Amino acid sequence: MTNSIKKVLVTGASNGIGFDLTKKLLAEGAEVIAVTRTGKVGEYSHPNLKVYQGDISNAESIEKVAQQLEEAGIKLDVLVNNAGVGLDLGDEVPTADLLNATFATNTTGTVLFTEALLNSLNDGGQIVFLSTAMALLRNAAPNAPAYRMSKAALNMYAVMLSQRLAERKIRVTPLHPGWVQTRMGGDTAPVTVERSVNGIFKAITENTETGKFWNIELDTLEDY
Ligand SMILES: NC(=O)c1ccc[n+]([C@@H]2O[C@H](COP(=O)([O-])OP(=O)(O)OC[C@H]3O[C@@H](n4cnc5c(N)ncnc54)[C@H](OP(=O)(O)O)[C@@H]3O)[C@@H](O)[C@H]2O)c1
């Protein structure tokens with residue numbers, strides 16, 4: 001089964017997975033609204049690409065993006081919450097600064113951005129969250145405390161939201177994109193951005209479940 005992907009909004013599209021996913025979606029015929037902190041996607045442009053400036057850790061900025069969408073009368077089929085930070089991946093001891101900064105984007109910002117866009121999402125659409133297998137309880141390890149906890153909280157929100165949005169038939173998909181060769185994942189990561197993005201595209205076009213965790217590396221649904 002192929003799900004409709006006419007209009008897609010991708011956050012954090014300036015780099016890494018978000019940038020390549022944007023290009024893949026455009027190549028597959030979708031219209032993409034990219035949200036980046038600079039309001040640009042480098043020098044990249046495409047007739048079906050709109051770029052909005054937005055910092056998802058900032059409430060005013062979130063409101064502005066939501067308003068722009070409403071004023072333009074844009075209804076989304078898919079919202080991809082890709083923007084994220086990994087500020088303490090090599091640390092073991094949580095600090096107030098890194099907890100606050102990490103949660104501000106990965107959890108509070110992502111949640112409030114999603115809430116602000118719910119009216120701009122078509123019934124029957126989909127919300128994707130770039131989570132991580134590092135946030136599954138059975139994969140707990142001492143490193144990356146703020147990162148793991150911020151994404152674990154996001155997984156909980158995703159399942160709660162899937163229940164809230166069931167009547168609107170909006171599917172909610174938290175996913176693990178793999179350990180990917182990006183600025184965050186580093187050069188030694190085993191998964192290319194292309195493989196990850198192809199997997200995310202499949203999770204959008206072929207996944208009919210809601211509230212389930214999708215693992216790109218395993219190419220299937222996985223228990224929390
Ligand atoms: N790479 C991996 O191995 C891996 C594994 C599991 C999960 N993930 C998740 O996948 C997602 C994408 O990661 P990536 O590997 O592509 O990382 P990346 O190359 O560092 O890209 C992160 C993107 O998020 C944007 N961003 C960060 N904070 C933002 C904010 N407050 N508002 C708007 N945009 C913001 C960045 O924008 P700037 O360019 O302005 O900084 C950048 O475009 C993240 O959520 C990450 O947690 C990645």
# chains A, B, ... in the order shown; residues from 1 in each chain; ligands from 1
>>> residues_around(residues="region 102-108 of chain A", least_positions_apart="2", cutoff="10 Å", atoms="only C-alpha atoms", output="JSON list (two decimals) with N, CA and C atoms, in the first residue's frame")
[["chain", "number", "residue", "atom", "x", "y", "z"],
["A", 55, "ASP", "N", 13.09, 27.97, 14.60],
["A", 55, "ASP", "CA", 13.87, 27.31, 15.65],
["A", 55, "ASP", "C", 12.85, 26.62, 16.55],
["A", 56, "ILE", "N", 12.86, 25.30, 16.55],
["A", 56, "ILE", "CA", 11.78, 24.60, 17.25],
["A", 56, "ILE", "C", 11.92, 24.66, 18.78],
["A", 57, "SER", "N", 13.04, 25.18, 19.26],
["A", 57, "SER", "CA", 13.17, 25.33, 20.72],
["A", 57, "SER", "C", 12.63, 26.68, 21.19],
["A", 58, "ASN", "N", 12.07, 27.46, 20.25],
["A", 58, "ASN", "CA", 11.62, 28.82, 20.58],
["A", 58, "ASN", "C", 10.12, 28.94, 20.31],
["A", 59, "ALA", "N", 9.36, 29.25, 21.36],
["A", 59, "ALA", "CA", 7.89, 29.26, 21.24],
["A", 59, "ALA", "C", 7.39, 30.26, 20.20],
["A", 81, "ASN", "N", 9.22, 15.32, 12.13],
["A", 81, "ASN", "CA", 9.95, 16.00, 13.21],
["A", 81, "ASN", "C", 11.36, 15.42, 13.25],
["A", 82, "ASN", "N", 12.23, 16.03, 12.44],
["A", 82, "ASN", "CA", 13.59, 15.52, 12.33],
["A", 82, "ASN", "C", 14.59, 16.30, 13.19],
["A", 83, "ALA", "N", 14.35, 17.60, 13.38],
["A", 83, "ALA", "CA", 15.33, 18.44, 14.09],
["A", 83, "ALA", "C", 15.65, 17.84, 15.45],
["A", 84, "GLY", "N", 16.92, 17.76, 15.77],
["A", 84, "GLY", "CA", 17.31, 17.20, 17.06],
["A", 84, "GLY", "C", 18.76, 17.51, 17.36],
["A", 85, "VAL", "N", 19.10, 17.42, 18.63],
["A", 85, "VAL", "CA", 20.49, 17.63, 19.04],
["A", 85, "VAL", "C", 20.96, 16.47, 19.91],
["A", 86, "GLY", "N", 22.25, 16.20, 19.81],
["A", 86, "GLY", "CA", 22.89, 15.19, 20.67],
["A", 86, "GLY", "C", 24.06, 15.86, 21.35],
["A", 87, "LEU", "N", 23.80, 16.48, 22.49],
["A", 87, "LEU", "CA", 24.81, 17.35, 23.10],
["A", 87, "LEU", "C", 25.69, 16.63, 24.11],
["A", 88, "ASP", "N", 25.26, 15.43, 24.56],
["A", 88, "ASP", "CA", 26.03, 14.75, 25.60],
["A", 88, "ASP", "C", 26.25, 13.27, 25.26],
["A", 96, "ALA", "N", 22.64, 20.18, 34.33],
["A", 96, "ALA", "CA", 21.43, 20.99, 34.14],
["A", 96, "ALA", "C", 21.45, 21.64, 32.75],
["A", 97, "ASP", "N", 22.58, 22.20, 32.38],
["A", 97, "ASP", "CA", 22.65, 22.92, 31.09],
["A", 97, "ASP", "C", 22.35, 21.99, 29.93],
["A", 98, "LEU", "N", 22.97, 20.80, 29.94],
["A", 98, "LEU", "CA", 22.78, 19.90, 28.79],
["A", 98, "LEU", "C", 21.41, 19.24, 28.81],
["A", 99, "LEU", "N", 20.89, 18.99, 30.00],
["A", 99, "LEU", "CA", 19.51, 18.46, 30.06],
["A", 99, "LEU", "C", 18.54, 19.49, 29.49],
["A", 100, "ASN", "N", 18.67, 20.75, 29.95],
["A", 100, "ASN", "CA", 17.74, 21.78, 29.50],
["A", 100, "ASN", "C", 17.85, 22.03, 28.00],
["A", 110, "THR", "N", 9.94, 19.82, 20.13],
["A", 110, "THR", "CA", 9.31, 18.92, 19.16],
["A", 110, "THR", "C", 7.83, 18.72, 19.47],
["A", 111, "VAL", "N", 7.52, 18.58, 20.76],
["A", 111, "VAL", "CA", 6.12, 18.39, 21.17],
["A", 111, "VAL", "C", 5.30, 19.65, 20.84],
["A", 112, "LEU", "N", 5.82, 20.82, 21.22],
["A", 112, "LEU", "CA", 5.04, 22.05, 21.01],
["A", 112, "LEU", "C", 4.93, 22.40, 19.53],
["A", 113, "PHE", "N", 5.96, 22.09, 18.77],
["A", 113, "PHE", "CA", 5.89, 22.30, 17.32],
["A", 113, "PHE", "C", 4.78, 21.41, 16.73],
["A", 114, "THR", "N", 4.75, 20.16, 17.15],
["A", 114, "THR", "CA", 3.73, 19.23, 16.66],
["A", 114, "THR", "C", 2.33, 19.72, 17.03],
["A", 129, "PHE", "N", 8.45, 10.95, 14.00],
["A", 129, "PHE", "CA", 9.43, 11.49, 14.96],
["A", 129, "PHE", "C", 10.76, 10.77, 14.76],
["A", 130, "LEU", "N", 11.83, 11.54, 14.54],
["A", 130, "LEU", "CA", 13.16, 10.93, 14.50],
["A", 130, "LEU", "C", 13.58, 10.67, 15.94],
["A", 131, "SER", "N", 13.40, 9.42, 16.35],
["A", 131, "SER", "CA", 13.79, 9.01, 17.70],
["A", 131, "SER", "C", 15.10, 8.23, 17.58],
["A", 145, "PRO", "N", 23.03, 10.71, 28.68],
["A", 145, "PRO", "CA", 21.82, 10.74, 29.52],
["A", 145, "PRO", "C", 20.73, 11.68, 29.02],
["A", 146, "ALA", "N", 21.11, 12.92, 28.69],
["A", 146, "ALA", "CA", 20.07, 13.86, 28.25],
["A", 146, "ALA", "C", 19.47, 13.41, 26.92],
["A", 147, "TYR", "N", 20.32, 12.94, 26.02],
["A", 147, "TYR", "CA", 19.85, 12.52, 24.70],
["A", 147, "TYR", "C", 18.89, 11.33, 24.84],
["A", 148, "ARG", "N", 19.32, 10.29, 25.57],
["A", 148, "ARG", "CA", 18.46, 9.10, 25.70],
["A", 148, "ARG", "C", 17.13, 9.45, 26.36],
["A", 149, "MET", "N", 17.19, 10.24, 27.45],
["A", 149, "MET", "CA", 15.95, 10.55, 28.18],
["A", 149, "MET", "C", 15.03, 11.45, 27.35],
["A", 150, "SER", "N", 15.63, 12.39, 26.60],
["A", 150, "SER", "CA", 14.79, 13.30, 25.80],
["A", 150, "SER", "C", 14.03, 12.53, 24.72],
["A", 151, "LYS", "N", 14.68, 11.52, 24.14],
["A", 151, "LYS", "CA", 14.02, 10.75, 23.07],
["A", 151, "LYS", "C", 13.07, 9.70, 23.66],
["A", 152, "ALA", "N", 13.39, 9.20, 24.88],
["A", 152, "ALA", "CA", 12.47, 8.27, 25.55],
["A", 152, "ALA", "C", 11.15, 8.98, 25.84],
["A", 153, "ALA", "N", 11.26, 10.24, 26.29],
["A", 153, "ALA", "CA", 10.05, 11.02, 26.56],
["A", 153, "ALA", "C", 9.28, 11.26, 25.25],
["A", 154, "LEU", "N", 10.01, 11.47, 24.19],
["A", 154, "LEU", "CA", 9.38, 11.69, 22.89],
["A", 154, "LEU", "C", 8.62, 10.44, 22.43],
["A", 155, "ASN", "N", 9.21, 9.27, 22.70],
["A", 155, "ASN", "CA", 8.51, 8.02, 22.35],
["A", 155, "ASN", "C", 7.17, 7.93, 23.09],
["A", 157, "TYR", "N", 5.35, 10.42, 24.19],
["A", 157, "TYR", "CA", 4.43, 11.38, 23.57],
["A", 157, "TYR", "C", 3.88, 10.82, 22.26]]
>>> closest_residue(among="A:Thr95, A:Asn207, A:Gln68, A:Thr36", to="Ser14 (chain A)", atoms="only C-alpha atoms")
A:Thr36
>>> atom_distance(atom1="CA of Leu165 (chain A)", atom2="CA of Asn198 (chain A)")
26.1 Å
>>> closest_residue(among="A:Pro94, A:Gly54, A:Pro142, A:Gly39", to="ligand 1", atoms="only C-alpha atoms and all ligand atoms")
A:Gly54
>>> select_by_dssp(residues="region 6-166 of chain A", states="alpha helix (DSSP H)", output="PDB file with C-alpha atoms, in the first residue's frame")
ATOM      1  CA  GLY A  16      22.190  15.372   7.546  1.00  0.00           C
ATOM      2  CA  ILE A  17      19.089  13.203   7.433  1.00  0.00           C
ATOM      3  CA  GLY A  18      16.656  16.148   7.146  1.00  0.00           C
ATOM      4  CA  PHE A  19      18.433  17.601   4.105  1.00  0.00           C
ATOM      5  CA  ASP A  20      18.681  14.308   2.212  1.00  0.00           C
ATOM      6  CA  LEU A  21      15.113  13.349   3.125  1.00  0.00           C
ATOM      7  CA  THR A  22      13.954  16.680   1.717  1.00  0.00           C
ATOM      8  CA  LYS A  23      15.729  15.969  -1.589  1.00  0.00           C
ATOM      9  CA  LYS A  24      14.351  12.400  -1.699  1.00  0.00           C
ATOM     10  CA  LEU A  25      10.776  13.588  -1.097  1.00  0.00           C
ATOM     11  CA  LEU A  26      11.120  16.225  -3.830  1.00  0.00           C
ATOM     12  CA  ALA A  27      12.544  13.624  -6.231  1.00  0.00           C
ATOM     13  CA  ALA A  59       7.891  29.259  21.243  1.00  0.00           C
ATOM     14  CA  GLU A  60       7.566  32.472  19.167  1.00  0.00           C
ATOM     15  CA  SER A  61       9.337  30.849  16.271  1.00  0.00           C
ATOM     16  CA  ILE A  62       7.012  27.837  16.428  1.00  0.00           C
ATOM     17  CA  GLU A  63       3.990  30.157  16.428  1.00  0.00           C
ATOM     18  CA  LYS A  64       5.356  32.006  13.396  1.00  0.00           C
ATOM     19  CA  VAL A  65       5.776  28.811  11.369  1.00  0.00           C
ATOM     20  CA  ALA A  66       2.253  27.689  12.303  1.00  0.00           C
ATOM     21  CA  GLN A  67       0.856  31.090  11.275  1.00  0.00           C
ATOM     22  CA  GLN A  68       2.721  31.069   7.957  1.00  0.00           C
ATOM     23  CA  LEU A  69       1.259  27.667   7.124  1.00  0.00           C
ATOM     24  CA  GLU A  70      -2.260  28.785   8.029  1.00  0.00           C
ATOM     25  CA  GLU A  71      -1.980  32.051   6.088  1.00  0.00           C
ATOM     26  CA  ALA A  96      21.431  20.993  34.135  1.00  0.00           C
ATOM     27  CA  ASP A  97      22.651  22.917  31.093  1.00  0.00           C
ATOM     28  CA  LEU A  98      22.783  19.904  28.793  1.00  0.00           C
ATOM     29  CA  LEU A  99      19.508  18.464  30.063  1.00  0.00           C
ATOM     30  CA  ASN A 100      17.735  21.783  29.500  1.00  0.00           C
ATOM     31  CA  ALA A 101      19.285  22.436  26.097  1.00  0.00           C
ATOM     32  CA  THR A 102      18.635  18.890  24.870  1.00  0.00           C
ATOM     33  CA  PHE A 103      15.040  18.720  26.095  1.00  0.00           C
ATOM     34  CA  THR A 110       9.311  18.921  19.155  1.00  0.00           C
ATOM     35  CA  VAL A 111       6.125  18.390  21.169  1.00  0.00           C
ATOM     36  CA  LEU A 112       5.045  22.053  21.009  1.00  0.00           C
ATOM     37  CA  PHE A 113       5.892  22.296  17.315  1.00  0.00           C
ATOM     38  CA  THR A 114       3.730  19.229  16.660  1.00  0.00           C
ATOM     39  CA  GLU A 115       0.845  20.597  18.744  1.00  0.00           C
ATOM     40  CA  ALA A 116       0.988  23.938  16.885  1.00  0.00           C
ATOM     41  CA  LEU A 117       0.710  22.170  13.521  1.00  0.00           C
ATOM     42  CA  PRO A 145      21.824  10.735  29.519  1.00  0.00           C
ATOM     43  CA  ALA A 146      20.067  13.860  28.246  1.00  0.00           C
ATOM     44  CA  TYR A 147      19.849  12.516  24.703  1.00  0.00           C
ATOM     45  CA  ARG A 148      18.463   9.098  25.698  1.00  0.00           C
ATOM     46  CA  MET A 149      15.952  10.554  28.180  1.00  0.00           C
ATOM     47  CA  SER A 150      14.794  13.296  25.796  1.00  0.00           C
ATOM     48  CA  LYS A 151      14.019  10.749  23.075  1.00  0.00           C
ATOM     49  CA  ALA A 152      12.471   8.266  25.546  1.00  0.00           C
ATOM     50  CA  ALA A 153      10.050  11.023  26.562  1.00  0.00           C
ATOM     51  CA  LEU A 154       9.377  11.691  22.889  1.00  0.00           C
ATOM     52  CA  ASN A 155       8.508   8.020  22.354  1.00  0.00           C
ATOM     53  CA  MET A 156       5.939   8.263  25.147  1.00  0.00           C
ATOM     54  CA  TYR A 157       4.434  11.385  23.571  1.00  0.00           C
ATOM     55  CA  ALA A 158       4.278   9.635  20.194  1.00  0.00           C
ATOM     56  CA  VAL A 159       2.247   6.748  21.621  1.00  0.00           C
ATOM     57  CA  MET A 160      -0.061   9.112  23.542  1.00  0.00           C
ATOM     58  CA  LEU A 161      -0.561  11.212  20.406  1.00  0.00           C
ATOM     59  CA  SER A 162      -1.335   8.144  18.298  1.00  0.00           C
ATOM     60  CA  GLN A 163      -4.258   7.460  20.640  1.00  0.00           C
ATOM     61  CA  ARG A 164      -5.462  11.079  20.610  1.00  0.00           C
TER      62      ARG A 164
END
>>> closest_residue(among="A:Gly73, A:Gly124, A:Pro47, A:Pro177", to="ligand 1", atoms="only C-alpha atoms and all ligand atoms")
A:Pro177
>>> atom_distance(atom1="CA of Arg171 (chain A)", atom2="CA of Met184 (chain A)")
27.1 Å
>>> select_by_dssp(residues="region 33-222 of chain A", states="strand (DSSP E or B)", output="PyMOL selection string")
chain A and resi 33-36+49-53+76-81+121-130+171-176+180+191+213-215+220-222
>>> atom_distance(atom1="CA of Lys169 (chain A)", atom2="CA of Ala133 (chain A)")
25.7 Å
>>> closest_residue(among="A:Asn119, A:Thr210, A:Asn215, A:Thr192", to="Leu136 (chain A)", atoms="only C-alpha atoms")
A:Asn215
>>> residues_around(residues="Gly178 (chain A)", least_positions_apart="5", cutoff="8 Å", atoms="only C-alpha atoms", output="list in words")
Thr132, Val191, Ser196, Asn215, Ile216 and Glu217 of chain A
>>> write_last_selection(atoms="all heavy atoms", output="compact mmCIF listing (two decimals), in the first residue's frame")
# COMPACT_ATOMS: atom_id res chain seq x y z
N THR A 132 15.33 7.32 18.48
CA THR A 132 16.54 6.51 18.42
C THR A 132 16.35 5.24 19.22
O THR A 132 15.66 5.25 20.26
CB THR A 132 17.76 7.28 18.98
OG1 THR A 132 18.86 6.38 19.05
CG2 THR A 132 17.50 7.84 20.37
N VAL A 191 25.72 3.30 8.86
CA VAL A 191 24.59 3.48 7.92
C VAL A 191 24.78 4.77 7.12
O VAL A 191 25.00 5.84 7.70
CB VAL A 191 23.25 3.51 8.69
CG1 VAL A 191 22.08 3.74 7.74
CG2 VAL A 191 23.05 2.22 9.46
N SER A 196 19.44 5.36 5.16
CA SER A 196 18.52 5.79 6.21
C SER A 196 17.30 6.50 5.62
O SER A 196 16.16 6.22 5.99
CB SER A 196 19.26 6.73 7.17
OG SER A 196 18.38 7.19 8.16
N ASN A 215 12.07 0.56 13.08
CA ASN A 215 13.54 0.56 13.09
C ASN A 215 14.05 0.43 11.66
O ASN A 215 13.85 -0.59 11.01
CB ASN A 215 14.05 -0.60 13.96
CG ASN A 215 15.55 -0.55 14.15
OD1 ASN A 215 16.29 -0.22 13.23
ND2 ASN A 215 16.01 -0.89 15.35
N ILE A 216 14.69 1.49 11.17
CA ILE A 216 15.17 1.50 9.78
C ILE A 216 16.26 0.44 9.59
O ILE A 216 16.31 -0.23 8.56
CB ILE A 216 15.76 2.89 9.42
CG1 ILE A 216 14.72 4.01 9.48
CG2 ILE A 216 16.46 2.88 8.07
CD1 ILE A 216 13.41 3.81 8.95
N GLU A 217 17.14 0.28 10.60
CA GLU A 217 18.23 -0.70 10.46
C GLU A 217 17.68 -2.11 10.34
O GLU A 217 18.19 -2.93 9.59
CB GLU A 217 19.19 -0.61 11.64
CG GLU A 217 20.46 0.14 11.27
CD GLU A 217 21.36 0.41 12.46
OE1 GLU A 217 20.85 0.81 13.52
OE2 GLU A 217 22.56 0.24 12.32
